[in-house]
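*Asks:* What follows is work-v7.tsv, made up of TSV, C-alpha atoms:
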chain	number	residue	atom	x	y	z
F	1	MET	CA	1.05	15.77	21.49
F	2	GLY	CA	3.04	17.80	19.02
F	3	PHE	CA	5.31	16.71	16.19
F	4	ASP	CA	8.07	19.22	16.76
F	5	GLN	CA	10.84	16.84	15.78
F	6	TYR	CA	9.93	17.38	12.15
F	7	HIS	CA	11.40	20.43	10.49
F	8	GLU	CA	9.94	19.50	7.08
F	9	PRO	CA	6.44	18.15	6.23
F	10	PRO	CA	6.50	14.60	7.71
F	11	GLU	CA	4.37	13.19	4.88
F	12	GLU	CA	7.13	14.14	2.43
F	13	LEU	CA	9.90	12.51	4.49
F	14	PRO	CA	11.04	8.90	3.99
F	15	ALA	CA	10.28	6.54	6.87
F	16	VAL	CA	13.99	6.18	7.70
F	17	THR	CA	14.30	9.95	8.02
F	18	ARG	CA	11.25	10.12	10.29
F	19	THR	CA	12.74	7.43	12.52
F	20	PHE	CA	16.07	9.27	12.48
F	21	ALA	CA	14.31	12.48	13.56
F	22	ARG	CA	12.51	10.66	16.39
F	23	LEU	CA	15.78	9.32	17.75
F	24	CYS	CA	17.41	12.75	17.43
F	25	ALA	CA	14.52	14.20	19.47
F	26	SER	CA	14.90	11.39	22.00
F	27	LEU	CA	18.65	12.05	22.25
F	28	THR	CA	17.95	15.73	22.98
F	29	GLU	CA	15.39	14.84	25.66
F	30	GLU	CA	17.80	12.45	27.39
F	31	ALA	CA	20.55	15.09	27.39
F	32	GLU	CA	18.12	17.63	28.88
F	33	ALA	CA	17.08	15.16	31.58
F	34	ILE	CA	20.72	14.48	32.46
F	35	GLY	CA	21.27	18.24	32.86
F	36	TRP	CA	18.13	18.66	34.98
F	37	TYR	CA	19.14	15.84	37.32
F	38	GLU	CA	22.61	17.32	37.59
F	39	GLN	CA	21.10	20.59	38.83
F	40	ARG	CA	18.72	18.88	41.26
F	41	ILE	CA	21.50	16.69	42.64
F	42	ALA	CA	23.69	19.78	43.15
F	43	LEU	CA	21.07	21.34	45.45
F	44	GLU	CA	19.43	18.36	47.18
F	45	ARG	CA	20.47	17.64	50.78
F	46	ASP	CA	18.23	14.63	51.58
F	47	PRO	CA	20.51	11.55	51.08
F	48	GLU	CA	17.62	9.25	50.19
F	49	ALA	CA	16.29	11.67	47.58
F	50	LEU	CA	19.83	12.06	46.24
F	51	ALA	CA	20.18	8.30	45.83
F	52	VAL	CA	16.91	8.12	43.90
F	53	MET	CA	17.93	10.96	41.60
F	54	ARG	CA	21.40	9.53	40.98
F	55	ASP	CA	19.78	6.23	40.02
F	56	ALA	CA	17.37	8.07	37.70
F	57	GLN	CA	20.21	10.02	36.11
F	58	GLY	CA	22.00	6.72	35.46
F	59	GLU	CA	18.98	5.58	33.46
F	60	GLU	CA	19.23	8.73	31.35
F	61	PHE	CA	22.95	8.07	30.73
F	62	LYS	CA	21.97	4.65	29.38
F	63	HIS	CA	19.13	6.02	27.24
F	64	PHE	CA	21.35	8.74	25.80
F	65	ALA	CA	24.07	6.23	24.91
F	66	MET	CA	21.57	3.87	23.24
F	67	ASP	CA	20.01	6.69	21.21
F	68	LEU	CA	23.44	7.87	20.14
F	69	GLU	CA	24.62	4.40	19.14
F	70	TYR	CA	21.46	3.88	17.04
F	71	LEU	CA	22.05	7.15	15.20
F	72	LEU	CA	25.76	6.51	14.69
F	73	ARG	CA	25.11	3.06	13.25
F	74	ARG	CA	22.96	4.60	10.54
F	75	THR	CA	25.19	7.57	9.78
F	76	PRO	CA	28.69	6.43	8.82
F	77	PRO	CA	30.25	9.94	8.53
F	78	TRP	CA	28.87	10.87	11.97
F	79	ARG	CA	30.18	7.60	13.37
F	80	GLU	CA	33.58	8.18	11.84
F	81	ILE	CA	33.80	11.66	13.33
F	82	ALA	CA	32.62	10.40	16.71
F	83	GLN	CA	35.25	7.65	16.65
F	84	GLY	CA	37.92	10.30	16.22
F	85	ILE	CA	36.69	12.29	19.22
F	86	LEU	CA	35.07	10.01	21.80
F	87	PHE	CA	37.14	8.23	24.46
F	88	GLN	CA	40.37	9.88	23.23
F	89	SER	CA	42.76	11.71	25.50
F	90	GLY	CA	44.24	15.02	24.38
F	91	ASP	CA	42.82	18.10	22.76
F	92	ILE	CA	39.12	17.65	22.03
F	93	VAL	CA	38.88	20.43	19.47
F	94	GLU	CA	41.96	19.21	17.63
F	95	HIS	CA	40.57	15.67	17.46
F	96	GLY	CA	37.30	17.11	16.21
F	97	GLU	CA	38.89	19.05	13.39
F	98	GLU	CA	40.99	16.07	12.31
F	99	ALA	CA	38.10	13.62	12.46
F	100	GLU	CA	35.85	15.95	10.48
F	101	ALA	CA	38.45	16.46	7.78
F	102	GLU	CA	39.02	12.71	7.42
F	103	ALA	CA	35.36	11.76	7.44
F	104	LEU	CA	34.06	14.40	5.07
F	105	ASP	CA	36.90	14.35	2.56
F	106	GLY	CA	35.41	13.09	-0.72
F	107	ASP	CA	32.19	13.20	-2.69
F	108	GLY	CA	29.97	11.33	-0.27
F	109	PRO	CA	29.45	7.81	1.03
F	110	GLY	CA	30.27	6.32	-2.38
F	111	ALA	CA	31.23	2.65	-2.39
F	112	ALA	CA	30.73	2.35	1.36
F	113	GLY	CA	27.04	3.18	0.92
F	114	ALA	CA	25.05	5.64	2.96
F	115	PHE	CA	24.15	3.04	5.58
F	116	GLU	CA	26.44	0.96	7.74
F	117	ASP	CA	25.22	-2.36	6.29
F	118	GLY	CA	25.76	-1.07	2.73
F	119	SER	CA	22.02	-1.23	2.04
F	120	LEU	CA	19.91	1.45	0.43
F	121	GLY	CA	18.24	2.11	3.78
F	122	ILE	CA	14.69	1.74	2.48
F	123	GLY	CA	13.23	-0.05	5.49
F	124	SER	CA	9.55	0.28	6.30
F	125	LEU	CA	7.33	2.27	3.97
F	126	LYS	CA	4.16	1.83	6.06
F	127	GLY	CA	2.37	5.12	6.45
F	128	ARG	CA	4.01	6.67	3.41
B	1	MET	CA	34.43	-4.30	2.92
B	2	ASN	CA	31.28	-6.40	3.27
B	3	HIS	CA	29.81	-9.12	1.06
B	4	LEU	CA	28.49	-6.57	-1.45
B	5	LEU	CA	32.11	-5.95	-2.58
B	6	ARG	CA	31.22	-2.41	-3.68
B	7	PRO	CA	34.73	-0.96	-3.25
B	8	GLN	CA	36.01	-3.46	-5.86
B	9	ALA	CA	33.78	-2.06	-8.60
B	10	PRO	CA	35.25	0.40	-11.13
B	11	ILE	CA	32.70	3.00	-10.05
B	12	SER	CA	33.50	6.41	-8.56
B	13	ASP	CA	32.00	7.62	-5.27
B	14	ALA	CA	29.78	9.98	-7.24
B	15	GLY	CA	28.77	7.08	-9.48
B	16	TRP	CA	27.73	4.95	-6.51
B	17	GLN	CA	25.77	7.84	-5.11
B	18	LEU	CA	23.93	8.21	-8.42
B	19	LEU	CA	23.14	4.49	-8.57
B	20	ASP	CA	21.98	4.35	-4.94
B	21	GLU	CA	19.67	7.31	-5.43
B	22	GLU	CA	18.26	5.91	-8.67
B	23	ALA	CA	17.63	2.51	-7.06
B	24	ARG	CA	16.05	4.05	-3.97
B	25	GLU	CA	13.70	6.13	-6.09
B	26	ARG	CA	12.60	3.24	-8.33
B	27	LEU	CA	12.17	0.80	-5.47
B	28	GLY	CA	10.28	3.26	-3.28
B	29	ALA	CA	7.58	3.61	-5.90
B	30	ALA	CA	7.01	-0.09	-6.53
B	31	LEU	CA	7.45	-1.70	-3.09
B	32	GLY	CA	3.71	-1.81	-2.41
B	33	ALA	CA	3.79	-4.56	0.22
B	34	ARG	CA	6.09	-2.55	2.51
B	35	LYS	CA	3.50	0.22	2.57
B	36	LEU	CA	0.95	-2.10	4.15
B	37	VAL	CA	2.71	-4.70	6.34
B	38	ASP	CA	4.80	-4.45	9.52
B	39	PHE	CA	8.54	-4.27	8.92
B	40	SER	CA	11.29	-5.20	11.35
B	41	GLY	CA	15.05	-5.23	10.92
B	42	PRO	CA	17.29	-5.13	9.03
B	43	HIS	CA	19.16	-7.82	10.96
B	44	GLY	CA	22.06	-8.22	8.55
B	45	TRP	CA	23.23	-10.55	5.80
B	46	ASP	CA	24.23	-13.24	8.26
B	47	TYR	CA	20.71	-13.43	9.72
B	48	SER	CA	19.27	-16.74	8.55
B	49	ALA	CA	15.96	-17.44	10.25
B	50	THR	CA	13.03	-16.00	12.18
B	51	ASN	CA	12.15	-17.46	15.55
B	52	LEU	CA	8.62	-18.91	15.46
B	53	GLY	CA	8.46	-19.66	19.17
B	54	ARG	CA	7.27	-23.18	18.38
B	55	THR	CA	8.76	-26.64	18.70
B	56	ARG	CA	8.16	-30.10	17.32
B	57	PRO	CA	8.61	-33.30	19.31
B	58	LEU	CA	11.59	-35.51	18.54
B	59	GLY	CA	11.42	-39.25	18.73
B	60	SER	CA	14.12	-41.56	20.11
B	61	PRO	CA	15.85	-39.27	22.60
B	62	PRO	CA	19.52	-40.06	23.11
B	63	ARG	CA	18.90	-41.25	26.68
B	64	GLU	CA	16.01	-43.06	28.36
B	65	GLY	CA	13.99	-40.95	30.76
B	66	VAL	CA	14.32	-37.71	28.85
B	67	SER	CA	12.28	-36.20	26.06
B	68	GLY	CA	13.39	-33.88	23.31
B	69	ARG	CA	11.93	-31.13	21.17
B	70	GLN	CA	13.31	-29.18	18.25
B	71	ARG	CA	12.85	-25.45	17.84
B	72	MET	CA	11.08	-24.35	14.66
B	73	VAL	CA	12.30	-21.40	12.66
B	74	LEU	CA	11.35	-19.75	9.40
B	75	PRO	CA	14.42	-19.45	7.14
B	76	VAL	CA	14.88	-16.16	5.33
B	77	VAL	CA	14.73	-16.14	1.55
B	78	GLU	CA	17.07	-14.25	-0.74
B	79	LEU	CA	16.02	-12.26	-3.81
B	80	ARG	CA	18.60	-11.10	-6.32
B	81	ALA	CA	18.24	-9.22	-9.61
B	82	ASP	CA	21.38	-9.01	-11.76
B	83	PHE	CA	21.99	-6.30	-14.32
B	84	ALA	CA	24.85	-4.72	-16.26
B	85	LEU	CA	25.61	-1.04	-16.84
B	86	SER	CA	27.70	0.46	-19.60
B	87	ARG	CA	30.99	1.79	-18.22
B	88	GLU	CA	30.88	4.49	-20.87
B	89	GLU	CA	27.56	5.70	-19.45
B	90	LEU	CA	29.02	5.77	-15.95
B	91	ARG	CA	32.03	7.74	-17.20
B	92	ASP	CA	29.65	10.22	-18.82
B	93	ALA	CA	27.77	10.56	-15.56
B	94	ASP	CA	31.06	11.40	-13.84
B	95	ARG	CA	31.58	14.10	-16.48
B	96	GLY	CA	28.25	15.59	-15.47
B	97	ALA	CA	25.86	13.96	-17.95
B	98	GLU	CA	22.34	14.25	-16.53
B	99	ASP	CA	20.85	11.58	-18.80
B	100	ALA	CA	23.04	8.54	-18.17
B	101	ASP	CA	21.31	5.36	-19.31
B	102	LEU	CA	20.47	3.49	-16.13
B	103	ALA	CA	17.59	1.53	-17.66
B	104	PRO	CA	19.03	-1.89	-16.67
B	105	LEU	CA	19.12	-0.75	-13.04
B	106	ASP	CA	15.55	0.57	-13.31
B	107	GLN	CA	14.37	-2.75	-14.72
B	108	ALA	CA	16.14	-4.76	-12.03
B	109	ALA	CA	14.67	-2.52	-9.32
B	110	HIS	CA	11.19	-3.03	-10.73
B	111	GLN	CA	11.67	-6.79	-11.00
B	112	ILE	CA	12.85	-7.26	-7.45
B	113	ALA	CA	10.11	-4.99	-6.10
B	114	VAL	CA	7.49	-7.00	-7.99
B	115	ALA	CA	9.02	-10.23	-6.69
B	116	GLU	CA	8.79	-8.95	-3.11
B	117	ASN	CA	5.17	-7.88	-3.64
B	118	VAL	CA	4.23	-11.26	-5.13
B	119	ALA	CA	5.95	-13.18	-2.32
B	120	VAL	CA	4.18	-11.15	0.38
B	121	PHE	CA	0.73	-11.05	-1.18
B	122	HIS	CA	0.53	-14.37	-3.04
B	123	GLY	CA	3.35	-16.44	-1.57
B	124	TRP	CA	6.40	-18.26	-2.89
B	125	GLU	CA	6.12	-22.01	-3.15
B	126	ASP	CA	7.78	-23.86	-0.26
B	127	ALA	CA	9.33	-20.63	1.01
B	128	VAL	CA	6.80	-17.92	1.84
B	129	ALA	CA	3.11	-18.18	2.77
B	130	GLY	CA	1.48	-15.14	1.22
B	131	ILE	CA	-1.39	-13.06	2.51
B	132	THR	CA	-3.99	-14.19	-0.02
B	133	SER	CA	-3.14	-17.87	0.22
B	134	ALA	CA	-3.41	-17.71	4.03
B	135	SER	CA	-6.70	-15.77	4.09
B	136	PRO	CA	-9.67	-17.95	5.09
B	137	HIS	CA	-12.17	-15.58	3.47
B	138	ASP	CA	-13.84	-16.17	0.13
B	139	ALA	CA	-12.19	-14.13	-2.61
B	140	PRO	CA	-15.00	-12.30	-4.41
B	141	SER	CA	-14.44	-10.86	-7.87
B	142	LEU	CA	-13.48	-7.21	-8.05
B	143	GLY	CA	-15.82	-6.78	-10.96
B	144	GLU	CA	-15.46	-6.06	-14.64
B	145	THR	CA	-15.34	-2.29	-14.35
B	146	ALA	CA	-14.11	0.16	-11.77
B	147	GLU	CA	-17.67	1.26	-10.94
B	148	HIS	CA	-18.06	-2.01	-9.04
B	149	TYR	CA	-14.98	-1.47	-6.91
B	150	PRO	CA	-16.53	0.57	-4.03
B	151	GLY	CA	-19.16	-2.11	-3.44
B	152	GLN	CA	-16.64	-4.93	-3.49
B	153	VAL	CA	-14.15	-3.09	-1.27
B	154	ALA	CA	-16.92	-2.15	1.19
B	155	GLY	CA	-17.94	-5.82	1.21
B	156	ALA	CA	-14.37	-6.85	2.02
B	157	VAL	CA	-14.20	-4.32	4.86
B	158	GLU	CA	-17.46	-5.70	6.21
B	159	MET	CA	-16.02	-9.24	6.08
B	160	LEU	CA	-13.05	-8.07	8.13
B	161	LEU	CA	-15.30	-6.34	10.67
B	162	CYS	CA	-17.36	-9.52	11.00
B	163	SER	CA	-14.12	-11.33	11.91
B	164	GLY	CA	-13.36	-8.73	14.57
B	165	ILE	CA	-10.56	-7.16	12.51
B	166	THR	CA	-10.46	-3.43	13.08
B	167	GLY	CA	-9.12	-0.77	10.75
B	168	PRO	CA	-7.85	1.36	9.30
B	169	TYR	CA	-7.60	-0.70	6.15
B	170	GLY	CA	-5.31	-0.47	3.14
B	171	LEU	CA	-5.92	-1.56	-0.43
B	172	ALA	CA	-3.21	-3.08	-2.61
B	173	LEU	CA	-4.07	-2.84	-6.30
B	174	GLY	CA	-2.44	-4.54	-9.25
B	175	ARG	CA	-1.28	-2.33	-12.11
B	176	GLU	CA	-4.40	-2.59	-14.24
B	177	GLN	CA	-6.75	-2.17	-11.27
B	178	TYR	CA	-4.84	0.87	-10.02
B	179	ARG	CA	-4.99	2.48	-13.45
B	180	ARG	CA	-8.75	2.00	-13.58
B	181	VAL	CA	-9.19	3.55	-10.15
B	182	VAL	CA	-7.18	6.70	-10.78
B	183	GLU	CA	-8.81	7.36	-14.17
B	184	THR	CA	-12.38	6.84	-13.01
B	185	ALA	CA	-14.80	9.43	-11.76
B	186	GLU	CA	-18.20	8.30	-10.48
B	187	HIS	CA	-21.56	9.92	-11.08
B	188	GLY	CA	-21.23	13.62	-10.44
B	189	GLY	CA	-17.51	13.59	-11.14
B	190	TYR	CA	-16.46	12.37	-7.65
B	191	PRO	CA	-13.08	10.63	-8.01
B	192	LEU	CA	-13.25	6.91	-7.31
B	193	LEU	CA	-9.91	7.17	-5.50
B	194	ASP	CA	-11.45	9.50	-2.88
B	195	HIS	CA	-14.51	7.28	-2.49
B	196	LEU	CA	-12.32	4.24	-1.79
B	197	HIS	CA	-10.23	6.26	0.67
B	198	LYS	CA	-13.35	7.07	2.65
B	199	ILE	CA	-14.36	3.40	2.80
B	200	LEU	CA	-10.92	2.19	3.86
B	201	GLU	CA	-9.74	5.11	6.03
B	202	GLY	CA	-6.29	4.09	4.78
B	203	PRO	CA	-4.01	4.15	1.74
B	204	ILE	CA	-4.57	2.80	-1.76
B	205	VAL	CA	-1.28	1.38	-2.90
B	206	TRP	CA	0.05	0.69	-6.40
B	207	SER	CA	1.39	-2.83	-6.04
B	208	PRO	CA	2.73	-4.25	-9.30
B	209	GLY	CA	2.61	-8.03	-9.18
B	210	VAL	CA	-0.64	-8.20	-7.22
B	211	GLN	CA	-3.39	-10.16	-8.98
B	212	GLY	CA	-6.59	-8.12	-8.58
B	213	ALA	CA	-6.65	-6.42	-5.19
B	214	VAL	CA	-6.16	-7.17	-1.51
B	215	VAL	CA	-7.79	-5.39	1.43
B	216	VAL	CA	-5.68	-5.62	4.59
B	217	SER	CA	-5.98	-4.28	8.10
B	218	LEU	CA	-3.31	-1.77	9.05
B	219	ARG	CA	-3.85	-2.08	12.82
B	220	GLY	CA	-0.47	-3.84	13.09
B	221	GLY	CA	0.71	-7.24	14.29
B	222	ASP	CA	-1.02	-9.20	11.51
B	223	PHE	CA	1.53	-9.31	8.67
B	224	LEU	CA	5.19	-9.49	9.63
B	225	PHE	CA	8.02	-8.75	7.20
B	226	GLU	CA	11.40	-9.38	8.76
B	227	SER	CA	14.39	-8.04	6.88
B	228	GLY	CA	17.81	-9.67	7.01
B	229	GLN	CA	19.82	-7.63	4.53
B	230	ASP	CA	17.63	-4.79	3.31
B	231	LEU	CA	17.67	-4.04	-0.40
B	232	SER	CA	21.25	-3.35	-1.42
B	233	LEU	CA	23.31	-2.76	-4.52
B	234	GLY	CA	26.27	-5.10	-4.86
B	235	TYR	CA	29.13	-5.66	-7.29
B	236	ASP	CA	29.61	-8.87	-9.25
B	237	SER	CA	32.25	-8.37	-11.97
B	238	HIS	CA	33.28	-6.13	-14.86
B	239	ASP	CA	35.09	-6.08	-18.18
B	240	ALA	CA	36.17	-3.26	-20.46
B	241	ASP	CA	32.60	-2.45	-21.53
B	242	VAL	CA	30.21	-3.19	-18.68
B	243	VAL	CA	30.08	-3.49	-14.94
B	244	ARG	CA	27.82	-6.24	-13.63
B	245	LEU	CA	25.92	-5.37	-10.48
B	246	TYR	CA	22.93	-6.75	-8.61
B	247	LEU	CA	20.16	-5.78	-6.28
B	248	GLU	CA	19.73	-8.15	-3.37
B	249	GLU	CA	17.80	-8.62	-0.17
B	250	SER	CA	16.98	-11.33	2.35
B	251	PHE	CA	13.77	-11.53	4.34
B	252	SER	CA	11.13	-13.71	5.89
B	253	PHE	CA	7.42	-13.05	5.85
B	254	ARG	CA	4.69	-14.60	7.96
B	255	VAL	CA	1.00	-14.06	8.43
B	256	ALA	CA	0.09	-13.89	12.12
B	257	THR	CA	-3.64	-13.26	11.54
B	258	PRO	CA	-4.82	-14.91	8.32
B	259	GLU	CA	-8.34	-13.45	8.66
B	260	ALA	CA	-6.97	-9.86	8.59
B	261	ALA	CA	-7.02	-9.73	4.77
B	262	VAL	CA	-9.52	-10.30	1.97
B	263	ALA	CA	-8.42	-10.95	-1.59
B	264	LEU	CA	-10.48	-9.58	-4.48
B	265	ARG	CA	-10.02	-11.51	-7.70
B	266	ALA	CA	-9.20	-9.67	-10.92
Show me the file's structure as structure tokens.
*Replies:*
Amino acid sequence: MGFDQYHEPPEELPAVTRTFARLCASLTEEAEAIGWYEQRIALERDPEALAVMRDAQGEEFKHFAMDLEYLLRRTPPWREIAQGILFQSGDIVEHGEEAEAEALDGDGPGAAGAFEDGSLGIGSLKGR
Amino acid sequence: MNHLLRPQAPISDAGWQLLDEEARERLGAALGARKLVDFSGPHGWDYSATNLGRTRPLGSPPREGVSGRQRMVLPVVELRADFALSREELRDADRGAEDADLAPLDQAAHQIAVAENVAVFHGWEDAVAGITSASPHDAPSLGETAEHYPGQVAGAVEMLLCSGITGPYGLALGREQYRRVVETAEHGGYPLLDHLHKILEGPIVWSPGVQGAVVVSLRGGDFLFESGQDLSLGYDSHDADVVRLYLEESFSFRVATPEAAVALRA
């Protein structure tokens, strides 16, 4: 098994960052799986096989959404940008530009804290 | 705004970022217990108790023909360390001063980290059962000098193996014991730190607040730290000269396998 999700030496990274990287890797894998099922479903002609693959793709939708929600809960600026884009009608790019400008205007998380619960985000230090 | 009331403090965004980073750095160094026990959460400030999965019988049920039991839970405890910072120092930091005096924050961070270590390793009366107080093993002396440490630590590991507790193992050392370990070289110049690493196959952790040393298994599932609100910086009040802040956390701790640790007396 490799440790490709780490771009920097893992032993130098805080535990919260390692967990964040794992969930980012998981999010990528779920998105890939959704795309692979989409291709297979487009070509498959056996109705029973199609039903199985549609069910499997549904699982990946759920996994992707759970991964994303976990990451958004721990990254307020990302969450704020996502709130400005997701489930909105209208121009996606325009929403994106507006949400980015609103979320990233300022010096950083400041009084809101870097984590959604306002904590310092220290968490587990086991293995560090 | 949550219960920490941070937006009400007369502190700039850059100031909060500075304080958060300083606190994180100081706490990360001293939170020895978190480097050795299992951590779950955080579950939030409104989380009040850990489910123990146990019940106790209740007498006199409200109706004949039925019995009653009450669920047992472990309430979380709260730790809080108050401190005050000079507003002048914070204004200087906003101007770009690299040497703002944050000593009160550093002291509070150290105090709350030590308190957490003590609660986890030695317990907190009527609130937390610590690792050493739960351990059924004898607590041998660590010895007068650091040269005795490898023998005593190897003995502790052997006690754990005899109880069927597998490794790797970690070693929490109090301040004085840690200092002795890092400054000592054995015969032939071999660093004592490396020798202990080989015995334990796990980390040696500076754990201010620990009396002597504690050898624990790191296999997981034995020592359970459950965080409600993880360590946070909150705002209390201010006047023209100082802003009063605090560090706070809530947690429960329980020992699932008392025999998975051996205390070594100072």
*Asks:* When you look at stretch 114-120 of chain F with a cut-off of 10 Å (counting only C-alpha atoms), what residues show up, excluding the ones that are within fewer than 2 positions of it in the same chain? I need them as a PyMOL selection string.
*Replies:* (chain F and resi 72-77+79+108-112+122-123) or (chain B and resi 1-6+16-17+20-21+23-24+27+42-45+229-234+247-249)
*Asks:* Of the candidates B:Asn51, B:Ser86, B:Gln152, B:Thr166, which one gets nearest to B:Asp241 if we count all atoms listed in the file?
*Replies:*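 Using all atoms listed in the file, B:Asp241 sits closest to B:Ser86.
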*Asks:* Which one is closest to chain F: B:Arg219, B:His110, B:His195, B:Arg175? Count all atoms listed in the file.
*Replies:*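 So, comparing all the options, the nearest one is B:Arg219.
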*Asks:* Name all residues at most 7 Å from stretch 77-85 of chain B (count all atoms listed in the file; drop same-chain ones fewer than 5 positions away) and give them as a list in words.
*Replies:*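 In the requested format, the answer is Leu102, Pro104, Leu105, Ala108, Ile112, Val242, Val243, Arg244, Leu245, Tyr246, Leu247, Glu248, Glu249, Ser250, Phe251 and Ser252 of chain B.
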*Asks:* So the first atom is atom CA of B:Ala97 and the second is atom CA of B:Pro7; what is the distance between them in Å, to one decimal place?
*Replies:* 22.7 Å
*Asks:* What would the list of residues within 12 Å of (8.6, 9.2, 3.3) (file frame) look like as a list in words, if only C-alpha atoms are what count?
*Replies:* Glu8, Pro9, Pro10, Glu11, Glu12, Leu13, Pro14, Ala15, Val16, Thr17, Arg18, Thr19, Phe20, Gly121, Ile122, Gly123, Ser124, Leu125, Lys126, Gly127 and Arg128 of chain F; Arg24, Glu25, Gly28, Ala29 and Lys35 of chain B
*Asks:* Those residues you just picked out, can you put them in a file as a short mmCIF file (atom, residue, chain, number, x, y, z; two decimals), in the frame of the given file with C-alpha atoms?
*Replies:*
data_model
loop_
_atom_site.label_atom_id
_atom_site.label_comp_id
_atom_site.auth_asym_id
_atom_site.auth_seq_id
_atom_site.Cartn_x
_atom_site.Cartn_y
_atom_site.Cartn_z
CA GLU F 8 9.94 19.50 7.08
CA PRO F 9 6.44 18.15 6.23
CA PRO F 10 6.50 14.60 7.71
CA GLU F 11 4.37 13.19 4.88
CA GLU F 12 7.13 14.14 2.43
CA LEU F 13 9.90 12.51 4.49
CA PRO F 14 11.04 8.90 3.99
CA ALA F 15 10.28 6.54 6.87
CA VAL F 16 13.99 6.18 7.70
CA THR F 17 14.30 9.95 8.02
CA ARG F 18 11.25 10.12 10.29
CA THR F 19 12.74 7.43 12.52
CA PHE F 20 16.07 9.27 12.48
CA GLY F 121 18.24 2.11 3.78
CA ILE F 122 14.69 1.74 2.48
CA GLY F 123 13.23 -0.05 5.49
CA SER F 124 9.55 0.28 6.30
CA LEU F 125 7.33 2.27 3.97
CA LYS F 126 4.16 1.83 6.06
CA GLY F 127 2.37 5.12 6.45
CA ARG F 128 4.01 6.67 3.41
CA ARG B 24 16.05 4.05 -3.97
CA GLU B 25 13.70 6.13 -6.09
CA GLY B 28 10.28 3.26 -3.28
CA ALA B 29 7.58 3.61 -5.90
CA LYS B 35 3.50 0.22 2.57
#
*Asks:* Please report the interatomic distance between atom CA of B:Leu193 and atom CA of B:Asp222 in Å with one decimal.
*Replies:*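 Computed distance, atom CA of B:Leu193 to atom CA of B:Asp222, equals 25.2 Å.
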*Asks:* Mind giving me the straight-line distance from atom CA of B:Gly174 to atom CA of B:Trp206 in Å, one decimal?
*Replies:* 6.5 Å
*Asks:* Using only C-alpha atoms, can you list as a list in words the residues within 12 Å of (-18.7, -2.5, -1.8)?
*Replies:*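 Those residues lying close to the given coordinates are Pro140, Ser141, Leu142, Gly143, Ala146, Glu147, His148, Tyr149, Pro150, Gly151, Gln152, Val153, Ala154, Gly155, Ala156, Val157, Glu158, Met159, His195, Leu196, Lys198, Ile199, Leu200, Val215 and Leu264 of chain B.
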*Asks:* If we count only C-alpha atoms, what is near F:Glu98 at a cut-off of 12 Å, once residues fewer than 6 positions away on the same chain are taken out, given as a list of chain:residue names?
*Replies:*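 Contacts, with the query itself left out: F:Glu80, F:Ile81, F:Ala82, F:Gln83, F:Gly84, F:Ile85, F:Asp91, F:Ile92, F:Leu104, F:Asp105.
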*Asks:* Could you turn the residues from that selection into a file that holds C-alpha atoms, as a short mmCIF file (atom, residue, chain, number, x, y, z; two decimals), in the frame of the given file?
*Replies:*
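Saved the output as part30.cif:
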data_model
loop_
_atom_site.label_atom_id
_atom_site.label_comp_id
_atom_site.auth_asym_id
_atom_site.auth_seq_id
_atom_site.Cartn_x
_atom_site.Cartn_y
_atom_site.Cartn_z
CA GLU F 80 33.58 8.18 11.84
CA ILE F 81 33.80 11.66 13.33
CA ALA F 82 32.62 10.40 16.71
CA GLN F 83 35.25 7.65 16.65
CA GLY F 84 37.92 10.30 16.22
CA ILE F 85 36.69 12.29 19.22
CA ASP F 91 42.82 18.10 22.76
CA ILE F 92 39.12 17.65 22.03
CA LEU F 104 34.06 14.40 5.07
CA ASP F 105 36.90 14.35 2.56
#
*Asks:* Take every atom of stretch 31-38 of chain B listed in the file, fit an axis-aligned box around them, add 5 Å per side, and give the centre and edge lengths in Å to one decimal as AutoDock Vina command-line options.
*Replies:*
--center_x 4.2 --center_y -2.2 --center_z 3.2 --size_x 16.5 --size_y 14.9 --size_z 22.6
*Asks:* Pick from B:Gly96, B:Gly53, B:Gly220, B:Gly59: nearest to chain F, with only C-alpha atoms counted?
*Replies:*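 Of B:Gly96, B:Gly53, B:Gly220, B:Gly59, the one nearest chain F is B:Gly220, counting only C-alpha atoms.
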*Asks:* List as a list in words the protein and nucleic acid residues near B:Ser133, meaning an atom at most 9 Å away when all atoms listed in the file are counted, but skip any in the same chain fewer than 5 places from it.
*Replies:*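 Close residues of B:Ser133: Phe121, His122, Gly123, Pro258 and Ala263 of chain B.
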*Asks:* Restricting the calculation to only C-alpha atoms: of B:Ala113, B:Val76, B:Val66, B:Ile131, which residue gets closest to chain F?
*Replies:*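 Among the listed residues, the smallest separation from chain F belongs to B:Ala113.
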*Asks:* Regenerate stretch 130-134 of chain B at the level of N, CA and C atoms and dump it as a PDB file, keeping the file's coordinate frame.
*Replies:*
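Below is the file result-v8.pdb, written as the result:
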ATOM      1  N   GLY B 130       1.948 -16.494   1.500  1.00  0.00           N
ATOM      2  CA  GLY B 130       1.480 -15.140   1.220  1.00  0.00           C
ATOM      3  C   GLY B 130       0.154 -14.825   1.881  1.00  0.00           C
ATOM      4  N   ILE B 131      -0.187 -13.550   1.846  1.00  0.00           N
ATOM      5  CA  ILE B 131      -1.390 -13.060   2.510  1.00  0.00           C
ATOM      6  C   ILE B 131      -2.650 -13.686   1.913  1.00  0.00           C
ATOM      7  N   THR B 132      -2.744 -13.706   0.590  1.00  0.00           N
ATOM      8  CA  THR B 132      -3.990 -14.190  -0.020  1.00  0.00           C
ATOM      9  C   THR B 132      -4.138 -15.703   0.130  1.00  0.00           C
ATOM     10  N   SER B 133      -3.021 -16.417   0.084  1.00  0.00           N
ATOM     11  CA  SER B 133      -3.140 -17.870   0.220  1.00  0.00           C
ATOM     12  C   SER B 133      -3.477 -18.257   1.663  1.00  0.00           C
ATOM     13  N   ALA B 134      -3.119 -17.404   2.621  1.00  0.00           N
ATOM     14  CA  ALA B 134      -3.410 -17.710   4.030  1.00  0.00           C
ATOM     15  C   ALA B 134      -4.825 -17.289   4.424  1.00  0.00           C
TER      16      ALA B 134
END
